[in-house]
Amino acid sequence: MTVCNFFLQGRCRYGDKCWNEHPRGGRGGDFRGNQQPSRGGYGNRVWINPSQRSGGDYVQQSSFSRDGNNDWSRGGGGGGGGTPRDVKSSDFSFSSQNRFSALASNTPSEKDAQSSTDDVDTIQKDMEVWQTSGQWPFSCYSVLPGKLSGFVEVSPEELRLEYYSGRASGDLQAYMSSVQQLADQWRSRVQELRSMSSSTRISVISELNNPSLQTSTPGSGFGSTASGFGATSSSSSSSSTGFGAAGFGQGSQSSSTFSFAPSKTGFGAASSTQHASGVVSGVLAQSSSGFGCAPAASASSFSFSEPQASSVSVSSFSFRPSPGESSASAVLQSGSSGVFGADTALFSTHTDLTAEELKEFTSKRFTLGQIPLKPPPADLLVL
Amino acid sequence: MSLFGTNTGFGSGGTGVFGNTTTDSHNPMKDVEVTSPPDDSISCLAFSPPTMPGNFLIGGSWANDVRCWEVQDNGQTVPKAQQMHTGPVLDVCWSDDGSKVFTASCDKTAKMWDLNSNQTIQIAQHEGPIRTIHWIKAPNYSCVMTGSWDKTLKFWDTRSPNPMMSLQMPERCYCADVVYPMAVVATAERGLIVYQLENQPSEFRRIESPLKHQHRCVAIFKDKQSKPTGFALGSIEGRVAIHYINPPNPAKDNFTFKCHRSNGTNTATPQDIYAVNAISFHPVHGTLATVGSDGRFSFWDKDARTKLKTSEQLDQPITACCFNNNGNIFAYASSYDWSKGHEYYNPQKKNYIFLRNAAEELKPRNKKW
């Protein structure tokens, strides 16, 4: 067997598992490297094969020949070896690996997997990647073992079907506005998790530790939306080149346009959009089962018309307002004028609200635990 | 050994209008283009089983149609027949004897298409769009398995309007695969369920997903004895997890790898991350192919844990792929997958299905000492 160069330097990551020879007497050290903790606080290592470099791309070796036809036996942790392949427990070769470690920008803390602080870090970094990478936004997200709430899961096919249905019925406005809301909600949730205020941190940690509970009070989620949203518009992350998508959000500033790109400033700043989210947060605070903040019962059927989570019909994903089951979240059902019609159902009047609720609305920030369930009065909205 | 030559004559290089050497990026790999492709995005592809002579390719699309082409040995494709649904077709599969094709659609029905008579009849009904359809051939029964967004998995004897069995799932079905006696279904909210199909289908195990994000595609792989032993699961986050059902050493045997991302070595700029739209295993070599929203396909050897090849970037995402029954042909479809929303949808843009000779490129990596 070839002698392991890394071992001779005292830094072989695989230790005993290394396929190259470690001549004794040259022992150096770093056994620590062998413990590749998995990310995201899941000590059980199902997440990433621990003997694999965290963040290691599959021996992609982009620095070498693209065809992967590389001599992957080079370097430490030689990839060769004639171990039987069917159920492979081998490590692979990692020659240039440290170069890749930052590549895995979503593999941040490689330290103690148990600490929830690292979970939180993982979350933050993952959110950052999510924002900048242009990947599909409507996905659930989890840091093992718990699943984080606040994310709505929609597949591209479902969304596309909604578009096609809308197109067939001639009413694309409902689709547009729904997608818009989804996107805004996602953006604010991601930003919230990325900036991780102390209340978010607490709720996140409790979710992770208690996967069965899955409660994040809608209030906290959306109460900080206001600041989250403002922050979003200022966090301009560079738009990815994506799929030929250079000037992404530029063209259309109207609220009906939905942009999947990482948020550009222009987009967030569109006043009508902010109005939207203002309304959205008010409304959503009201229907406690909201969009992603719905606790365990929810998330399954995705329908804009359902305020009360669970029992909605199996035609889960329906943008079109469906009759019945609506409380004052008739907001989303004002099919005719779309969400932002100057509908009186959207907002409450001052007389509708109690004194405390009015106080909450007029104050700068919501107080956790006292967020009103009724929509705000129209004149209090800051546009 | 089919004789897919390198000379395609179809859309290779620029079109006559441009007339120079720049390659038209709709087919940078210069693969054979299938004639008369569907008018809207192709959602699924399936080749005929070995029980039938010749190669027939079925493709379902968002234009509500299912088309059948015969693929000849010289690479020519001949459109043979077409059937329609009233909603976009999301999945297709063949029966084991190659005489019937099953199609699943957003119109909540599944149909059986008898190729000899070119007739279709409806064989299944769900409460929501049917996302996956697979044919199950067991020693003591045969049926069609349909997975739907109404959160149920139903099994249909094609002669009866009522399902033989209906299993409840925790969430909407997003993708599934069947290799008797194992079936895997991946659902929304990172659900992952394995079913065993002996005697009658029943839930075998619910697995904690190895991935953090939405599941997108799943494919079962077999061991050296051709028994299903695990599956590959792809997500929207440019990552595939290889998971064995009963491995000797789960921590070491199961792993994930990243794929379909830009900026391989350049860590300074943020990576673009693309969804893995489909995974297919080569029937002979056991190596796998992944296709993604970035418009590339890649071949991998999961045992050697190495990448075999990555294609050039096409100008559209690749939405579906499959191998033919002897592994000589790799078919992949280039069309929009809605990964960037409706703004990027151009109904005028042509959709393609390409065929590539897969006999050589998917050989497993040689073991080295």
# chains A, B, ... in the order shown; residues from 1 in each chain; ligands from 1
$ interface_residues --of "chain B" --to "chain A" --cutoff "6 Å" --atoms "only C-alpha atoms" --output "ChimeraX atom specification"
/B:128,150,171,189,210,212-214,251-253,255-258,264,267,271-274,303,306-309,338,340,368-369
$ write_last_selection --atoms "C-alpha atoms" --output "CSV table (one decimal), in the first residue's frame"
chain,number,residue,atom,x,y,z
B,128,GLY,CA,-56.5,15.1,-6.2
B,150,ASP,CA,-54.7,13.8,-1.9
B,171,GLU,CA,-48.6,14.1,3.2
B,189,GLU,CA,-42.8,17.7,4.5
B,210,PRO,CA,-31.6,12.3,5.4
B,212,LYS,CA,-33.2,19.0,4.9
B,213,HIS,CA,-35.4,20.2,2.1
B,214,GLN,CA,-38.2,19.2,-0.1
B,251,ALA,CA,-23.5,5.6,9.5
B,252,LYS,CA,-20.9,4.7,7.0
B,253,ASP,CA,-23.0,3.3,4.2
B,255,PHE,CA,-24.3,9.2,2.6
B,256,THR,CA,-25.4,12.3,0.7
B,257,PHE,CA,-23.7,14.2,-2.0
B,258,LYS,CA,-24.1,17.6,-3.6
B,264,GLY,CA,-17.5,24.2,-8.0
B,267,THR,CA,-16.1,29.6,-2.8
B,271,GLN,CA,-23.3,29.1,-5.2
B,272,ASP,CA,-26.4,28.6,-7.3
B,273,ILE,CA,-28.2,25.6,-6.1
B,274,TYR,CA,-30.6,23.8,-8.4
B,303,ASP,CA,-20.2,2.6,-4.8
B,306,THR,CA,-17.4,9.3,-7.6
B,307,LYS,CA,-18.7,11.3,-10.4
B,308,LEU,CA,-18.4,9.8,-13.8
B,309,LYS,CA,-19.4,12.7,-16.0
B,338,TRP,CA,-41.1,25.9,-13.1
B,340,LYS,CA,-38.1,30.0,-11.2
B,368,LYS,CA,-7.7,0.9,-7.9
B,369,TRP,CA,-5.2,-0.2,-5.4
$ residues_around --residues "stretch 31-44 of chain B" --least-positions-apart "3" --cutoff "6 Å" --atoms "only C-alpha atoms" --output "VMD selection string"
chain B and resid 8 10 59 to 63 77 90 to 91 320 335 to 336 352 to 356
$ atom_distance --atom1 "atom CA of B:Arg205" --atom2 "atom CA of B:Leu192"
8.5 Å
$ residues_around --residues "B:Arg216" --least-positions-apart "4" --cutoff "7 Å" --atoms "only C-alpha atoms" --output "number ranges by chain"
B: 174-175, 234-236, 276-277
$ atom_distance --atom1 "atom CA of B:Ser293" --atom2 "atom CA of B:Asp223"
29.1 Å
$ residues_around --residues "stretch 287-291 of chain B" --least-positions-apart "6" --cutoff "6 Å" --atoms "only C-alpha atoms" --output "VMD selection string"
chain B and resid 276 to 281 297 to 301 318
$ select_by_dssp --residues "stretch 21-122 of chain B" --states "strand (DSSP E)" --output "ChimeraX atom specification"
/B:32-33,42-47,55-61,65-71,77-84,89-94,100-105,109-114,119-122
$ write_last_selection --atoms "C-alpha atoms" --output "JSON list (two decimals), in the first residue's frame"
[["chain", "number", "residue", "atom", "x", "y", "z"],
["B", 32, "VAL", "CA", -30.02, 12.67, -30.95],
["B", 33, "GLU", "CA", -33.15, 14.73, -30.89],
["B", 42, "ILE", "CA", -42.13, 16.96, -20.50],
["B", 43, "SER", "CA", -42.87, 15.60, -17.07],
["B", 44, "CYS", "CA", -41.92, 11.95, -17.44],
["B", 45, "LEU", "CA", -40.24, 9.48, -19.74],
["B", 46, "ALA", "CA", -40.35, 5.71, -19.82],
["B", 47, "PHE", "CA", -38.80, 3.11, -22.09],
["B", 55, "ASN", "CA", -37.28, 0.33, -27.94],
["B", 56, "PHE", "CA", -40.37, 2.39, -27.47],
["B", 57, "LEU", "CA", -40.30, 5.63, -25.58],
["B", 58, "ILE", "CA", -43.31, 7.13, -23.84],
["B", 59, "GLY", "CA", -43.32, 10.74, -22.76],
["B", 60, "GLY", "CA", -45.98, 12.60, -20.80],
["B", 61, "SER", "CA", -46.20, 16.36, -20.87],
["B", 65, "ASP", "CA", -50.72, 14.47, -23.94],
["B", 66, "VAL", "CA", -48.79, 11.24, -23.85],
["B", 67, "ARG", "CA", -46.73, 10.36, -26.89],
["B", 68, "CYS", "CA", -45.12, 7.18, -28.04],
["B", 69, "TRP", "CA", -42.06, 6.98, -30.28],
["B", 70, "GLU", "CA", -40.28, 4.01, -31.65],
["B", 71, "VAL", "CA", -36.54, 4.34, -31.31],
["B", 77, "THR", "CA", -37.17, 8.14, -33.81],
["B", 78, "VAL", "CA", -40.57, 7.60, -35.30],
["B", 79, "PRO", "CA", -43.63, 9.03, -33.62],
["B", 80, "LYS", "CA", -46.14, 6.30, -33.27],
["B", 81, "ALA", "CA", -49.16, 7.37, -31.33],
["B", 82, "GLN", "CA", -50.56, 9.88, -28.92],
["B", 83, "GLN", "CA", -53.27, 9.99, -26.29],
["B", 84, "MET", "CA", -54.76, 12.84, -24.34],
["B", 89, "VAL", "CA", -49.74, 14.23, -17.40],
["B", 90, "LEU", "CA", -47.38, 13.79, -14.49],
["B", 91, "ASP", "CA", -46.22, 10.20, -14.69],
["B", 92, "VAL", "CA", -46.20, 7.21, -17.04],
["B", 93, "CYS", "CA", -45.21, 3.59, -16.74],
["B", 94, "TRP", "CA", -45.30, 0.39, -18.70],
["B", 100, "LYS", "CA", -50.00, -1.43, -21.91],
["B", 101, "VAL", "CA", -48.96, 1.99, -20.78],
["B", 102, "PHE", "CA", -50.36, 3.62, -17.66],
["B", 103, "THR", "CA", -50.62, 7.37, -17.45],
["B", 104, "ALA", "CA", -51.33, 9.56, -14.44],
["B", 105, "SER", "CA", -52.60, 13.07, -14.74],
["B", 109, "THR", "CA", -57.49, 10.03, -13.19],
["B", 110, "ALA", "CA", -55.14, 7.39, -14.43],
["B", 111, "LYS", "CA", -55.61, 5.64, -17.71],
["B", 112, "MET", "CA", -54.51, 2.41, -19.22],
["B", 113, "TRP", "CA", -53.45, 2.67, -22.83],
["B", 114, "ASP", "CA", -53.52, -0.49, -24.85],
["B", 119, "GLN", "CA", -57.49, 2.62, -26.92],
["B", 120, "THR", "CA", -57.47, 4.03, -23.42],
["B", 121, "ILE", "CA", -59.70, 3.36, -20.50],
["B", 122, "GLN", "CA", -59.71, 5.00, -17.13]]
$ select_by_dssp --residues "stretch 149-190 of chain A" --states "helix (DSSP H, G or I)" --output "JSON, numbers by chain"
{"A": [156, 157, 158, 159, 160, 161, 162, 163, 164, 165, 166, 167, 168, 169, 172, 173, 174, 175, 176, 177, 178, 179, 180, 181, 182, 183, 184, 185, 186, 187, 188, 189, 190]}
$ write_last_selection --atoms "N, CA and C atoms" --output "mmCIF file, in the first residue's frame"
data_model
loop_
_atom_site.group_PDB
_atom_site.id
_atom_site.type_symbol
_atom_site.label_atom_id
_atom_site.label_comp_id
_atom_site.auth_asym_id
_atom_site.auth_seq_id
_atom_site.Cartn_x
_atom_site.Cartn_y
_atom_site.Cartn_z
ATOM 1 N N PRO A 156 -42.971 22.471 -7.252
ATOM 2 C CA PRO A 156 -43.115 23.252 -8.482
ATOM 3 C C PRO A 156 -44.305 22.793 -9.322
ATOM 4 N N GLU A 157 -44.581 21.498 -9.280
ATOM 5 C CA GLU A 157 -45.698 21.025 -10.087
ATOM 6 C C GLU A 157 -47.014 21.564 -9.566
ATOM 7 N N GLU A 158 -47.128 21.640 -8.264
ATOM 8 C CA GLU A 158 -48.383 22.152 -7.702
ATOM 9 C C GLU A 158 -48.556 23.605 -8.100
ATOM 10 N N LEU A 159 -47.477 24.337 -8.003
ATOM 11 C CA LEU A 159 -47.564 25.751 -8.354
ATOM 12 C C LEU A 159 -47.910 25.916 -9.824
ATOM 13 N N ARG A 160 -47.286 25.105 -10.608
ATOM 14 C CA ARG A 160 -47.533 25.211 -12.035
ATOM 15 C C ARG A 160 -48.971 24.861 -12.357
ATOM 16 N N LEU A 161 -49.488 23.862 -11.676
ATOM 17 C CA LEU A 161 -50.873 23.483 -11.927
ATOM 18 C C LEU A 161 -51.809 24.626 -11.572
ATOM 19 N N GLU A 162 -51.496 25.309 -10.501
ATOM 20 C CA GLU A 162 -52.311 26.462 -10.135
ATOM 21 C C GLU A 162 -52.279 27.512 -11.225
ATOM 22 N N TYR A 163 -51.100 27.695 -11.754
ATOM 23 C CA TYR A 163 -50.989 28.685 -12.826
ATOM 24 C C TYR A 163 -51.833 28.258 -14.013
ATOM 25 N N TYR A 164 -51.729 27.019 -14.379
ATOM 26 C CA TYR A 164 -52.477 26.550 -15.541
ATOM 27 C C TYR A 164 -53.978 26.642 -15.301
ATOM 28 N N SER A 165 -54.392 26.313 -14.097
ATOM 29 C CA SER A 165 -55.827 26.424 -13.799
ATOM 30 C C SER A 165 -56.266 27.865 -13.878
ATOM 31 N N GLY A 166 -55.441 28.734 -13.333
ATOM 32 C CA GLY A 166 -55.788 30.147 -13.389
ATOM 33 C C GLY A 166 -55.854 30.631 -14.822
ATOM 34 N N ARG A 167 -54.925 30.158 -15.594
ATOM 35 C CA ARG A 167 -54.887 30.601 -16.983
ATOM 36 C C ARG A 167 -56.121 30.095 -17.709
ATOM 37 N N ALA A 168 -56.508 28.873 -17.398
ATOM 38 C CA ALA A 168 -57.675 28.316 -18.077
ATOM 39 C C ALA A 168 -58.943 29.049 -17.685
ATOM 40 N N SER A 169 -58.997 29.430 -16.421
ATOM 41 C CA SER A 169 -60.225 30.098 -16.003
ATOM 42 C C SER A 169 -60.166 31.588 -16.267
ATOM 43 N N LEU A 172 -55.753 34.988 -13.612
ATOM 44 C CA LEU A 172 -54.413 34.759 -13.115
ATOM 45 C C LEU A 172 -54.082 35.632 -11.935
ATOM 46 N N GLN A 173 -54.909 36.589 -11.682
ATOM 47 C CA GLN A 173 -54.591 37.527 -10.615
ATOM 48 C C GLN A 173 -54.532 36.833 -9.269
ATOM 49 N N ALA A 174 -55.447 35.916 -9.091
ATOM 50 C CA ALA A 174 -55.454 35.199 -7.810
ATOM 51 C C ALA A 174 -54.158 34.422 -7.638
ATOM 52 N N TYR A 175 -53.730 33.787 -8.705
ATOM 53 C CA TYR A 175 -52.476 33.054 -8.649
ATOM 54 C C TYR A 175 -51.331 33.986 -8.307
ATOM 55 N N MET A 176 -51.292 35.084 -9.022
ATOM 56 C CA MET A 176 -50.176 36.009 -8.823
ATOM 57 C C MET A 176 -50.113 36.482 -7.392
ATOM 58 N N SER A 177 -51.246 36.887 -6.896
ATOM 59 C CA SER A 177 -51.189 37.447 -5.551
ATOM 60 C C SER A 177 -50.888 36.385 -4.517
ATOM 61 N N SER A 178 -51.395 35.199 -4.737
ATOM 62 C CA SER A 178 -51.079 34.148 -3.779
ATOM 63 C C SER A 178 -49.604 33.822 -3.787
ATOM 64 N N VAL A 179 -49.064 33.728 -4.958
ATOM 65 C CA VAL A 179 -47.645 33.420 -5.041
ATOM 66 C C VAL A 179 -46.836 34.533 -4.405
ATOM 67 N N GLN A 180 -47.286 35.716 -4.634
ATOM 68 C CA GLN A 180 -46.634 36.870 -4.037
ATOM 69 C C GLN A 180 -46.608 36.766 -2.526
ATOM 70 N N GLN A 181 -47.728 36.422 -1.965
ATOM 71 C CA GLN A 181 -47.782 36.315 -0.509
ATOM 72 C C GLN A 181 -46.879 35.223 -0.003
ATOM 73 N N LEU A 182 -46.918 34.128 -0.693
ATOM 74 C CA LEU A 182 -46.050 33.022 -0.305
ATOM 75 C C LEU A 182 -44.610 33.473 -0.307
ATOM 76 N N ALA A 183 -44.275 34.167 -1.356
ATOM 77 C CA ALA A 183 -42.884 34.582 -1.480
ATOM 78 C C ALA A 183 -42.517 35.561 -0.377
ATOM 79 N N ASP A 184 -43.416 36.468 -0.112
ATOM 80 C CA ASP A 184 -43.118 37.437 0.945
ATOM 81 C C ASP A 184 -42.978 36.736 2.277
ATOM 82 N N GLN A 185 -43.851 35.846 2.500
ATOM 83 C CA GLN A 185 -43.803 35.139 3.770
ATOM 84 C C GLN A 185 -42.493 34.368 3.896
ATOM 85 N N TRP A 186 -42.111 33.720 2.804
ATOM 86 C CA TRP A 186 -40.872 32.970 2.849
ATOM 87 C C TRP A 186 -39.703 33.889 3.121
ATOM 88 N N ARG A 187 -39.709 34.968 2.410
ATOM 89 C CA ARG A 187 -38.595 35.885 2.533
ATOM 90 C C ARG A 187 -38.470 36.390 3.958
ATOM 91 N N SER A 188 -39.587 36.733 4.519
ATOM 92 C CA SER A 188 -39.493 37.276 5.871
ATOM 93 C C SER A 188 -39.098 36.199 6.853
ATOM 94 N N ARG A 189 -39.566 35.007 6.650
ATOM 95 C CA ARG A 189 -39.180 33.944 7.571
ATOM 96 C C ARG A 189 -37.702 33.632 7.458
ATOM 97 N N VAL A 190 -37.219 33.585 6.263
ATOM 98 C CA VAL A 190 -35.803 33.307 6.084
ATOM 99 C C VAL A 190 -34.964 34.410 6.695
#
